[in-house]
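Dumped data-v5.cif below, it's mmCIF, C-alpha atoms:
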data_data
#
loop_
_atom_site.label_atom_id
_atom_site.label_comp_id
_atom_site.auth_asym_id
_atom_site.auth_seq_id
_atom_site.Cartn_x
_atom_site.Cartn_y
_atom_site.Cartn_z
CA MET G 101 73.58 -17.93 125.24
CA TYR G 102 70.85 -15.90 123.63
CA GLU G 103 71.63 -12.57 122.06
CA SER G 104 70.08 -9.60 123.81
CA VAL G 105 67.20 -7.99 121.99
CA PRO G 106 67.33 -4.17 121.86
CA SER G 107 64.52 -2.53 123.74
CA GLU G 108 61.96 -0.39 122.00
CA SER G 109 63.52 2.74 123.44
CA SER G 110 67.01 1.84 122.23
CA SER G 111 65.70 0.94 118.76
CA THR G 112 63.94 4.28 118.60
CA ALA G 113 67.11 6.04 119.62
CA LEU G 114 69.12 4.31 116.90
CA SER G 115 66.55 5.11 114.21
CA SER G 116 66.37 8.73 115.32
CA VAL G 117 70.07 9.34 114.64
CA PRO G 118 70.04 11.71 111.66
CA SER G 119 71.83 10.50 108.53
CA PRO G 120 74.28 12.88 106.87
CA PRO G 121 72.83 14.75 103.90
CA PHE G 122 73.37 13.45 100.38
CA ARG G 123 75.60 16.07 98.77
CA VAL G 124 75.60 16.37 94.96
CA LEU G 125 77.16 18.86 92.56
CA VAL G 126 74.72 20.07 89.91
CA SER G 127 76.59 21.57 86.96
CA TRP G 128 75.33 24.55 85.01
CA TRP G 129 74.47 22.48 81.93
CA VAL G 130 72.23 20.10 83.92
CA ILE G 131 70.32 23.10 85.29
CA GLY G 132 70.17 24.77 81.88
CA ASP G 133 68.87 21.55 80.33
CA GLY G 134 65.97 21.54 82.78
CA SER G 135 66.98 18.18 84.27
CA PHE G 136 67.30 19.82 87.68
CA PRO G 137 64.79 22.44 88.87
CA ARG G 138 65.65 25.94 89.99
CA ALA G 139 64.95 24.87 93.56
CA SER G 140 65.18 26.71 96.89
CA VAL G 141 65.92 25.44 100.38
CA GLY G 142 62.97 23.35 101.56
CA ASP G 143 61.92 22.14 98.11
CA ASP G 144 61.54 18.42 97.35
CA VAL G 145 63.59 17.35 94.34
CA GLU G 146 64.96 14.26 92.65
CA VAL G 147 68.31 13.80 90.96
CA PHE G 148 70.20 11.11 89.08
CA ALA G 149 73.68 10.88 90.55
CA GLU G 150 77.11 9.68 89.41
CA LEU G 151 80.17 9.26 91.63
CA ILE G 152 83.37 10.93 90.38
CA THR G 153 86.65 9.46 91.69
CA GLY G 154 90.32 9.90 90.92
CA THR G 155 90.42 13.71 91.13
CA SER G 156 91.93 16.20 93.56
CA SER G 157 88.67 18.10 93.98
CA ARG G 158 88.04 19.83 97.32
CA LEU G 159 84.57 18.30 97.17
CA ASN G 160 85.95 14.78 97.72
CA HIS G 161 84.71 12.84 100.72
CA SER G 162 84.65 9.22 101.83
CA VAL G 163 81.91 7.09 100.25
CA THR G 164 81.02 3.56 101.37
CA ALA G 165 78.56 1.63 99.25
CA PHE G 166 77.70 -1.71 97.68
CA ALA G 167 78.92 -1.98 94.08
CA VAL G 168 77.33 -4.06 91.33
CA PRO G 169 79.04 -4.27 87.91
CA ALA G 170 77.02 -3.46 84.79
CA TYR G 171 77.45 -6.94 83.34
CA GLY G 172 77.93 -7.13 79.59
CA MET G 173 78.63 -3.42 79.18
CA ALA G 174 81.72 -2.22 77.32
CA PRO G 175 84.33 -0.14 79.20
CA ARG G 176 85.18 3.43 78.27
CA GLU G 177 88.64 4.79 77.60
CA SER G 178 89.51 8.31 78.72
CA ARG G 179 91.88 10.68 76.97
CA ASP G 180 94.78 9.58 79.14
CA GLY G 181 94.27 5.97 78.03
CA ARG G 182 92.77 4.69 81.28
CA ARG G 183 89.83 2.31 80.99
CA ARG G 184 86.83 2.44 83.26
CA TRP G 185 83.93 0.04 83.83
CA TRP G 186 80.39 1.11 84.69
CA HIS G 187 78.99 0.07 88.07
CA LEU G 188 75.89 0.81 90.10
CA LEU G 189 76.39 1.86 93.71
CA TYR G 190 73.84 1.41 96.47
CA GLY G 191 74.05 3.23 99.78
CA GLU G 192 71.65 4.11 102.55
CA ARG G 193 68.57 5.52 100.77
CA TRP G 194 70.51 6.40 97.61
CA SER G 195 71.96 4.90 94.44
CA ALA G 196 74.43 6.24 91.89
CA GLY G 197 76.47 5.27 88.86
CA TRP G 198 80.25 4.96 88.94
CA TRP G 199 82.98 4.52 86.32
CA SER G 200 85.59 2.43 88.15
CA ASP G 201 89.15 1.89 86.93
CA ALA G 202 88.79 -1.83 87.75
CA PRO G 203 85.94 -4.32 88.09
CA ARG G 204 84.50 -4.21 91.60
CA SER G 205 81.78 -6.18 93.34
CA GLY G 206 80.45 -5.98 96.88
CA ARG G 207 81.26 -3.34 99.48
CA VAL G 208 83.65 -0.57 98.43
CA ALA G 209 85.12 2.49 100.18
CA VAL G 210 86.40 5.25 97.89
CA GLU G 211 87.10 8.98 97.84
CA GLY G 212 85.03 11.09 95.48
CA TYR G 213 82.01 13.33 95.06
CA PHE G 214 78.59 13.01 93.44
CA VAL G 215 77.48 14.93 90.37
CA ALA G 216 74.02 15.19 88.82
CA SER G 217 73.42 13.56 85.44
CA LEU G 218 70.60 13.79 82.93
CA GLY G 219 69.24 10.43 84.04
CA TYR G 220 66.70 8.21 82.23
CA ASP G 221 69.47 5.76 81.35
CA ALA G 222 68.51 2.09 81.11
CA ASP G 223 71.91 1.19 82.60
CA GLY G 224 71.88 3.99 85.17
CA PRO G 225 70.74 4.29 88.78
CA VAL G 226 67.30 5.23 90.04
CA ALA G 227 66.68 8.80 91.09
CA VAL G 228 67.63 10.03 94.55
CA ARG G 229 64.74 11.91 96.16
CA GLY G 230 65.06 14.33 99.05
CA ARG G 231 64.44 17.78 100.48
CA VAL G 232 66.94 20.57 99.86
CA SER G 233 68.55 21.54 103.16
CA ASP G 234 71.46 23.65 101.90
CA LEU G 235 72.64 25.29 98.66
CA GLN G 236 76.12 26.57 97.84
CA SER G 237 77.31 28.00 94.56
CA VAL G 238 80.58 26.46 93.34
CA GLN G 239 83.23 28.77 91.90
CA VAL G 240 86.33 27.32 90.22
CA ARG G 241 89.33 28.56 88.29
CA LEU G 242 88.84 28.41 84.53
CA ASP G 243 92.09 28.17 82.55
CA PRO G 244 92.20 29.01 78.83
CA MET G 245 92.81 26.17 76.37
CA GLU G 246 94.62 26.22 73.06
CA GLY G 247 92.17 26.76 70.27
CA GLY G 248 89.63 28.47 72.51
CA GLY G 249 87.45 27.55 75.43
CA ARG G 250 88.28 27.03 79.09
CA ARG G 251 88.74 24.06 81.39
CA GLN G 252 87.89 23.73 85.06
CA VAL G 253 90.85 23.18 87.37
CA ALA G 254 90.21 20.57 90.07
CA GLY G 255 91.16 21.57 93.60
CA THR G 256 90.35 25.26 93.10
CA GLU G 257 86.72 25.10 94.22
CA SER G 258 85.29 27.68 96.63
CA LEU G 259 81.74 27.68 98.03
CA THR G 260 79.26 30.48 98.72
CA GLU G 261 75.92 30.05 100.51
CA VAL G 262 72.88 30.82 98.33
CA ASP G 263 69.12 30.62 98.87
CA GLU G 264 68.17 29.19 95.48
CA VAL G 265 69.70 27.60 92.40
CA PRO G 266 71.40 30.31 90.31
CA VAL G 267 69.72 31.36 87.08
CA GLU G 268 72.83 32.52 85.22
CA PHE G 269 76.38 31.21 85.24
CA GLU G 270 79.68 32.84 84.38
CA SER G 271 81.44 29.90 82.77
CA PHE G 272 81.55 31.35 79.26
CA SER G 273 81.16 35.08 79.92
CA PHE G 274 84.86 35.92 80.23
CA PRO G 275 86.89 37.66 77.50
CA ASN G 276 89.24 35.62 75.38
CA ASP G 277 92.29 37.28 76.92
CA GLY G 278 94.41 34.18 77.59
CA LEU G 279 94.17 34.70 81.36
CA ALA G 280 92.70 32.49 84.06
CA HIS G 281 89.41 33.59 85.62
CA ARG G 282 87.16 32.31 88.36
CA GLY G 283 83.51 31.62 87.66
CA VAL G 284 80.44 29.90 89.08
CA THR G 285 79.98 26.61 87.28
CA GLY G 286 77.34 24.86 89.40
CA VAL G 287 75.63 24.52 92.73
CA LEU G 288 76.30 22.09 95.57
CA VAL G 289 73.02 20.68 96.89
CA ASP G 290 72.50 18.97 100.25
CA LEU G 291 69.50 16.63 100.33
CA GLU G 292 67.83 15.27 103.43
CA LEU G 293 66.69 11.87 102.17
CA GLY G 294 64.29 11.08 104.99
CA ASP G 295 62.12 7.97 105.03
CA PRO G 296 61.13 6.07 101.87
CA PRO G 297 57.89 7.38 100.36
CA THR G 298 54.75 5.50 101.32
CA ASP G 299 52.55 7.09 98.69
CA ARG G 300 51.72 5.13 95.59
CA PRO G 301 54.08 6.14 92.76
CA SER G 302 52.46 8.20 90.04
CA PHE G 303 51.73 6.58 86.69
CA ASP G 304 54.44 7.27 84.09
CA PRO G 305 52.58 7.30 80.75
CA GLY G 306 54.13 5.95 77.58
CA ALA G 307 52.34 5.04 74.35
CA ILE G 308 48.66 5.90 73.87
CA ASP G 309 45.86 4.95 71.46
CA ALA G 310 42.09 5.35 71.21
CA GLY G 311 39.24 3.34 69.73
CA ALA G 312 35.64 2.31 70.40
CA GLY G 313 35.20 5.15 72.89
CA VAL G 314 38.12 3.97 75.02
CA VAL G 315 41.66 5.34 75.44
CA TRP G 316 44.47 2.92 76.28
CA VAL G 317 47.69 4.18 77.89
CA MET G 318 50.75 1.95 78.42
CA HIS G 319 53.20 2.63 81.23
CA ARG G 320 56.65 3.68 80.05
CA SER G 321 58.34 0.73 81.78
CA ASP G 322 55.99 -1.20 84.08
CA PRO G 323 53.58 -3.86 82.78
CA THR G 324 50.63 -1.59 83.58
CA VAL G 325 48.00 -0.34 81.17
CA LEU G 326 45.19 2.17 81.76
CA ARG G 327 41.74 1.89 80.20
CA ILE G 328 40.11 5.32 80.11
CA ASP G 329 36.42 5.35 79.25
CA SER G 330 36.12 8.72 77.54
CA ARG G 331 32.38 8.32 77.01
CA GLN G 332 31.78 9.24 80.65
CA ASP G 333 32.27 12.64 82.26
CA PRO G 334 34.62 12.71 84.00
CA PRO G 335 36.41 9.82 82.26
CA VAL G 336 36.52 6.58 84.25
CA VAL G 337 40.08 5.23 84.64
CA ARG G 338 40.76 1.54 85.23
CA GLU G 339 44.24 0.12 85.78
CA PHE G 340 45.39 -3.39 84.90
CA LEU G 341 48.66 -4.91 86.12
CA LEU G 342 49.56 -7.32 83.31
CA PRO G 343 51.62 -10.53 83.58
CA LEU G 344 54.45 -9.08 81.51
CA PRO G 345 58.10 -8.28 82.25
CA ILE G 346 59.22 -4.90 83.55
CA GLU G 347 61.09 -3.31 80.65
CA GLU G 348 64.17 -1.13 80.92
CA PRO G 349 62.94 2.47 80.69
CA SER G 350 65.11 3.41 77.71
CA GLY G 351 63.62 6.36 75.86
CA ASP G 352 59.99 7.30 76.27
CA PHE G 353 58.42 4.11 74.90
CA THR G 354 59.29 0.49 75.60
CA ARG G 355 55.99 -0.83 74.25
CA ARG G 356 53.37 0.41 71.80
CA VAL G 357 49.63 0.04 72.41
CA HIS G 358 47.01 -0.29 69.64
CA ALA G 359 43.30 -0.02 70.40
CA THR G 360 40.79 -2.52 68.99
CA ASP G 361 37.01 -2.91 69.24
CA ASN G 362 37.28 -5.27 72.22
CA GLY G 363 40.61 -4.40 73.80
CA CYS G 364 44.10 -3.61 72.55
CA TRP G 365 47.37 -5.00 71.22
CA ILE G 366 50.59 -4.45 73.15
CA VAL G 367 53.75 -4.65 71.05
CA GLY G 368 57.28 -4.59 72.47
CA MET G 369 60.74 -5.49 71.29
CA HIS G 370 60.40 -9.07 72.52
CA ASP G 371 56.75 -10.08 72.14
CA VAL G 372 53.20 -9.23 71.09
CA HIS G 373 50.24 -9.61 73.47
CA ARG G 374 46.53 -9.36 72.88
CA VAL G 375 44.38 -7.83 75.63
CA VAL G 376 40.66 -8.63 75.43
CA VAL G 377 38.09 -6.91 77.67
CA ASP G 378 35.88 -9.41 79.52
CA GLY G 379 33.30 -7.34 81.35
CA GLU G 380 33.85 -4.00 83.05
CA ASP G 381 36.70 -4.99 85.36
CA VAL G 382 38.48 -7.97 83.78
CA VAL G 383 40.82 -8.36 80.82
CA ALA G 384 42.39 -11.51 79.36
CA VAL G 385 46.04 -11.31 78.32
CA GLU G 386 47.55 -13.74 75.83
CA ARG G 387 50.91 -13.81 74.07
CA VAL G 388 50.43 -14.10 70.33
CA CYS G 389 53.95 -13.77 68.91
CA VAL G 390 57.44 -14.24 70.33
CA GLY G 391 59.71 -11.48 69.11
CA GLY G 392 58.63 -7.99 68.23
CA GLY G 393 59.83 -4.60 67.15
CA ILE G 394 59.27 -0.87 67.27
CA PRO G 395 57.61 0.98 65.60
CA SER G 396 54.45 -1.01 65.00
CA VAL G 397 50.98 -0.50 63.54
CA VAL G 398 47.73 -2.46 63.38
CA VAL G 399 45.99 -2.54 60.00
CA ASP G 400 42.80 -4.54 59.37
CA GLY G 401 43.32 -6.42 62.64
CA GLN G 402 46.89 -7.49 61.82
CA VAL G 403 49.99 -6.41 63.73
CA TYR G 404 52.92 -5.14 61.67
CA VAL G 405 56.39 -4.02 62.73
CA PHE G 406 58.71 -1.89 60.64
CA GLY G 407 62.23 -2.85 59.67
CA SER G 408 65.06 -0.41 59.07
CA THR G 409 65.62 0.26 55.37
CA SER G 410 69.17 1.65 55.69
CA ASP G 411 72.34 1.21 57.71
CA ARG G 412 72.60 3.27 60.90
CA LEU G 413 74.99 4.07 63.70
CA MET G 414 73.81 3.20 67.17
CA GLU G 415 75.12 2.87 70.71
CA ASP G 416 75.49 -0.78 71.69
CA ARG G 417 75.68 -1.74 75.35
CA ARG G 418 78.40 -4.33 74.82
CA HIS G 419 80.41 -2.84 71.95
CA GLY G 420 79.85 0.91 72.13
CA MET G 421 79.15 2.77 68.87
CA ILE G 422 78.61 0.30 66.02
CA ARG G 423 77.11 0.22 62.54
CA ARG G 424 73.83 -1.66 62.43
CA PRO G 425 73.05 -2.89 58.90
CA ALA G 426 69.61 -2.52 57.38
CA ASP G 427 67.07 -5.17 58.34
CA ALA G 428 66.40 -8.06 56.01
CA ALA G 429 62.86 -6.84 55.38
CA ALA G 430 61.05 -3.50 55.54
CA LEU G 431 57.91 -5.01 57.08
CA TRP G 432 56.83 -8.07 59.07
CA VAL G 433 53.38 -9.26 60.05
CA CYS G 434 52.51 -11.29 63.15
CA ASP G 435 50.94 -14.65 62.23
CA PRO G 436 48.81 -15.86 65.17
CA ALA G 437 48.45 -19.32 63.62
CA THR G 438 52.17 -20.04 63.88
CA GLN G 439 52.89 -17.48 66.65
CA SER G 440 55.73 -16.13 64.56
CA TRP G 441 56.63 -13.28 62.22
CA ARG G 442 56.25 -13.48 58.46
CA GLU G 443 58.03 -11.19 56.00
CA VAL G 444 55.78 -8.99 53.86
CA THR G 445 57.06 -8.98 50.27
CA ASP G 446 54.27 -7.21 48.39
CA ARG G 447 55.62 -3.73 47.71
CA GLN G 448 52.20 -2.07 47.61
CA THR G 449 51.29 -3.56 51.00
CA VAL G 450 54.60 -2.42 52.44
CA PHE G 451 53.98 1.11 51.19
CA GLU G 452 50.38 1.28 52.42
CA VAL G 453 51.16 -0.11 55.87
CA ARG G 454 54.30 1.92 56.56
CA ARG G 455 52.54 5.17 55.65
CA GLN G 456 50.11 4.57 58.53
CA GLY G 457 52.82 4.93 61.18
CA ARG G 458 52.19 7.69 63.72
CA ARG G 459 53.56 9.22 66.89
CA PRO G 460 52.92 6.86 69.82
CA ASP G 461 52.34 9.70 72.31
CA MET G 462 49.44 11.42 70.52
CA VAL G 463 46.13 10.23 69.06
CA ALA G 464 42.75 11.67 68.07
CA ASP G 465 39.57 9.75 68.88
CA ALA G 466 36.45 9.42 66.71
CA ASP G 467 35.06 12.71 68.07
CA GLY G 468 38.18 14.64 67.14
CA VAL G 469 39.37 14.94 70.73
CA GLN G 470 43.14 14.77 70.96
CA TRP G 471 44.83 12.70 73.66
CA MET G 472 48.49 13.06 74.59
CA SER G 473 50.85 11.36 77.03
CA GLY G 474 54.16 12.53 78.44
CA ARG G 475 55.94 13.86 81.52
CA ARG G 476 52.96 16.03 82.38
CA GLY G 477 50.65 13.01 82.46
CA VAL G 478 47.72 12.25 80.15
CA LEU G 479 46.27 15.33 78.48
CA ARG G 480 42.89 15.75 76.78
CA ARG G 481 42.48 18.55 74.25
CA SER G 482 39.06 19.48 72.92
CA GLY G 483 39.00 22.62 70.81
CA ASP G 484 41.13 25.23 72.55
CA GLU G 485 40.78 23.65 75.99
CA THR G 486 43.45 21.27 77.35
CA THR G 487 42.91 19.40 80.61
CA VAL G 488 44.95 16.90 82.59
CA VAL G 489 43.20 13.59 83.13
CA ASP G 490 43.07 12.68 86.82
CA LEU G 491 44.76 9.27 87.13
CA GLY G 492 44.92 9.30 90.92
CA GLY G 493 41.53 7.65 91.29
CA ALA G 494 42.25 4.76 88.93
CA VAL G 495 40.55 1.53 90.00
CA THR G 496 42.84 -1.52 89.96
CA ASP G 497 41.10 -4.39 88.20
CA THR G 498 41.90 -7.99 87.24
CA ALA G 499 44.08 -9.30 84.41
CA VAL G 500 43.65 -13.00 83.58
CA TRP G 501 46.77 -14.66 82.18
CA VAL G 502 46.05 -16.95 79.23
CA GLN G 503 49.34 -18.86 79.06
CA PRO G 504 50.15 -20.57 75.76
CA ARG G 505 51.03 -24.27 75.90
CA PRO G 506 53.76 -25.40 73.46
CA GLU G 507 52.10 -28.82 73.22
CA ASP G 508 48.98 -27.15 71.79
CA ASP G 509 50.88 -25.34 69.06
CA PRO G 510 50.58 -27.15 65.70
CA ALA G 511 54.00 -25.84 64.72
CA THR G 512 55.61 -27.89 67.53
CA ALA G 513 53.68 -31.12 66.92
CA ALA G 514 56.62 -32.89 65.30
CA LEU G 515 59.00 -31.82 68.08
CA MET G 516 56.58 -32.88 70.81
CA ALA G 517 56.19 -36.31 69.18
CA ARG G 518 59.97 -36.77 69.09
CA ILE G 519 60.52 -35.97 72.79
CA THR G 520 57.36 -37.57 74.20
CA VAL G 521 57.47 -41.14 75.53
CA ASP G 522 54.45 -43.46 75.63
CA ALA G 523 53.82 -44.15 79.34
CA SER G 524 52.33 -47.59 78.52
CA LYS G 525 55.83 -48.84 77.68
CA PHE G 526 56.79 -48.59 81.36
CA VAL G 527 55.58 -50.95 84.12
CA ARG G 528 56.19 -50.86 87.88
CA VAL G 529 57.96 -53.91 89.41
CA LYS G 530 57.89 -55.12 93.01
CA ASP G 531 60.94 -53.16 94.17
CA ASP G 532 59.21 -49.91 93.12
CA LYS G 533 61.62 -49.41 90.25
CA VAL G 534 60.37 -48.47 86.82
CA THR G 535 61.62 -50.44 83.87
CA SER G 536 61.02 -50.19 80.14
CA THR G 537 59.10 -52.92 78.30
CA GLY G 538 60.47 -51.93 74.96
CA PRO G 539 63.05 -49.81 73.19
CA VAL G 540 62.69 -46.07 73.15
CA GLU G 541 63.81 -44.32 69.97
CA GLU G 542 65.32 -41.30 71.71
CA SER G 543 67.01 -40.96 75.09
CA VAL G 544 64.62 -39.30 77.52
CA GLU G 545 67.49 -37.96 79.62
CA SER G 546 69.12 -36.24 76.67
CA GLU G 547 65.88 -34.46 75.83
CA ARG G 548 64.98 -33.45 79.38
CA GLY G 549 66.27 -29.93 78.86
CA GLU G 550 63.81 -29.43 76.01
CA ARG G 551 60.69 -30.41 77.92
CA SER G 552 58.10 -27.77 78.56
#

Show me the file's structure as structure tokens.
Amino acid sequence: MYESVPSESSSTALSSVPSPPFRVLVSWWVIGDGSFPRASVGDDVEVFAELITGTSSRLNHSVTAFAVPAYGMAPRESRDGRRRWWHLLYGERWSAGWWSDAPRSGRVAVEGYFVASLGYDADGPVAVRGRVSDLQSVQVRLDPMEGGGRRQVAGTESLTEVDEVPVEFESFSFPNDGLAHRGVTGVLVDLELGDPPTDRPSFDPGAIDAGAGVVWVMHRSDPTVLRIDSRQDPPVVREFLLPLPIEEPSGDFTRRVHATDNGCWIVGMHDVHRVVVDGEDVVAVERVCVGGGIPSVVVDGQVYVFGSTSDRLMEDRRHGMIRRPADAAALWVCDPATQSWREVTDRQTVFEVRRQGRRPDMVADADGVQWMSGRRGVLRRSGDETTVVDLGGAVTDTAVWVQPRPEDDPATAALMARITVDASKFVRVKDDKVTSTGPVEESVESERGERS
């Protein structure tokens, strides 16, 4: 028997069933930080969401989603001693983070509510985008704590309809009288998620540099670079999608870009690539060094990366807060001949190179015009006038991938000789089997995993 195929009318009816709104609690500190706009009903907004479970909040509702563990990430321990593991949740047209009290994978059904976070976390979810359909201020009971301050009491929430996100909150405006008070601590936002956007996503600028009349802008995460010809008015923008990995958007810069006379260098934490302009609409991309670092500079055509000169505390994905010792060297230089990094030991060179470090989001060209990149886009400042460069009309051009061959690298000549077998030592016999005519020094099978 064949399964019946839904008619066009029935499919249309199913797709027209409205989905419930995505409801998220935006706390006062997220609004005060500027991570969530002071929106009104009807405005289009985006929010990074996290699911809160294990509370008695009146905001709890049933959530069904697909859970994916954050592999390799350390758990967190709350004040009551319970451990939680970070997961990413995916639902219909939304995603969120979730600290679960046990490892979960696949479909889950839990009780909880969504809260807005600051976002821009490499291990976090993507933003949820939608149109505000309803706003309610959230008032809770605030009990005094020993030593000062107040804590919110779950299960005491009450909601009041509002037309826009509140500007002021009452959380810390009560007298220190030892009594419980009620105050507005956030706003509950309903978002109509609608259909996925069909418009091309806007360019998210990261590092920027200028040289030879051209401004280069690297995307904050994607392997996309812009070439802005500032010698023309208005500037001509060309976009190149490079054969590089998509980097986790941690911080504002995942790669640095350095302009040259005929292209640019792109330096990341894992590699260094050279981009050479070949005509108006073509660039050639070639990996020069494996391994990298940030920050980086280019001096006299050579790429340098800085090392840390002192111990530091840093957040580690696997281990949490750890001490990271100082690097073995204060400066390395990329050696194209060996496609590797070489330590710089001359103290005067180290001093001269490190002093040329600069902010990666701001540069001045040869004419004194200042170029800046950031959340507002790419800005051009000449004198007292600042303008936003129009990136919407960028022309997508061609990037040619020049892939390095390990067998052409002189540094691997000895290794290639050890794992390469002379084909003349094998002959084909009548039964189509291949046999060796002489001994082979190394087992081909054992080296198969090392072949290129």

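Atom pair CA of Gly255 (chain G) / CA of Thr153 (chain G): separated by 13.1 Å.
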
Next item on the list: Go through the shown structure with the PyMOL selection byres ((chain G and resi 261) around 8) and write out the matching residues as a list in words.
Entry: Asp234, Leu235, Gln236, Ser237, Leu259, Thr260, Val262 and Asp263 of chain G

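Compared by their closest atoms to Gly278 (chain G), and using only C-alpha atoms, the residues G:Gly493, G:Gly392, G:Gly294, G:Gly247 rank with G:Gly247 nearest.
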
Check: Care to translate the PyMOL selection byres ((chain G and resi 377) around 6) into actual residues of this file, as a PyMOL selection string?
Finding: chain G and resi 362-363+376+378+383

Writing out the chosen residues with C-alpha atoms as a tab-separated table (two decimals), in the coordinates of the input:
chain	number	residue	atom	x	y	z
G	362	ASN	CA	37.28	-5.27	72.22
G	363	GLY	CA	40.61	-4.40	73.80
G	376	VAL	CA	40.66	-8.63	75.43
G	378	ASP	CA	35.88	-9.41	79.52
G	383	VAL	CA	40.82	-8.36	80.82

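Using all atoms listed in the file, the shortest contact distance between Val500 (chain G) and any of G:Asp180, G:Asp427, G:Asp381, G:Asp411 is found at G:Asp381.
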
Ground truth for the PyMOL selection byres ((chain G and resi 279) around 12), written as a CSV table (one decimal) with C-alpha atoms, in the coordinates of the input:
chain,number,residue,atom,x,y,z
G,241,ARG,CA,89.3,28.6,88.3
G,242,LEU,CA,88.8,28.4,84.5
G,243,ASP,CA,92.1,28.2,82.6
G,244,PRO,CA,92.2,29.0,78.8
G,245,MET,CA,92.8,26.2,76.4
G,246,GLU,CA,94.6,26.2,73.1
G,248,GLY,CA,89.6,28.5,72.5
G,249,GLY,CA,87.4,27.6,75.4
G,250,ARG,CA,88.3,27.0,79.1
G,251,ARG,CA,88.7,24.1,81.4
G,274,PHE,CA,84.9,35.9,80.2
G,275,PRO,CA,86.9,37.7,77.5
G,276,ASN,CA,89.2,35.6,75.4
G,277,ASP,CA,92.3,37.3,76.9
G,278,GLY,CA,94.4,34.2,77.6
G,280,ALA,CA,92.7,32.5,84.1
G,281,HIS,CA,89.4,33.6,85.6
G,282,ARG,CA,87.2,32.3,88.4
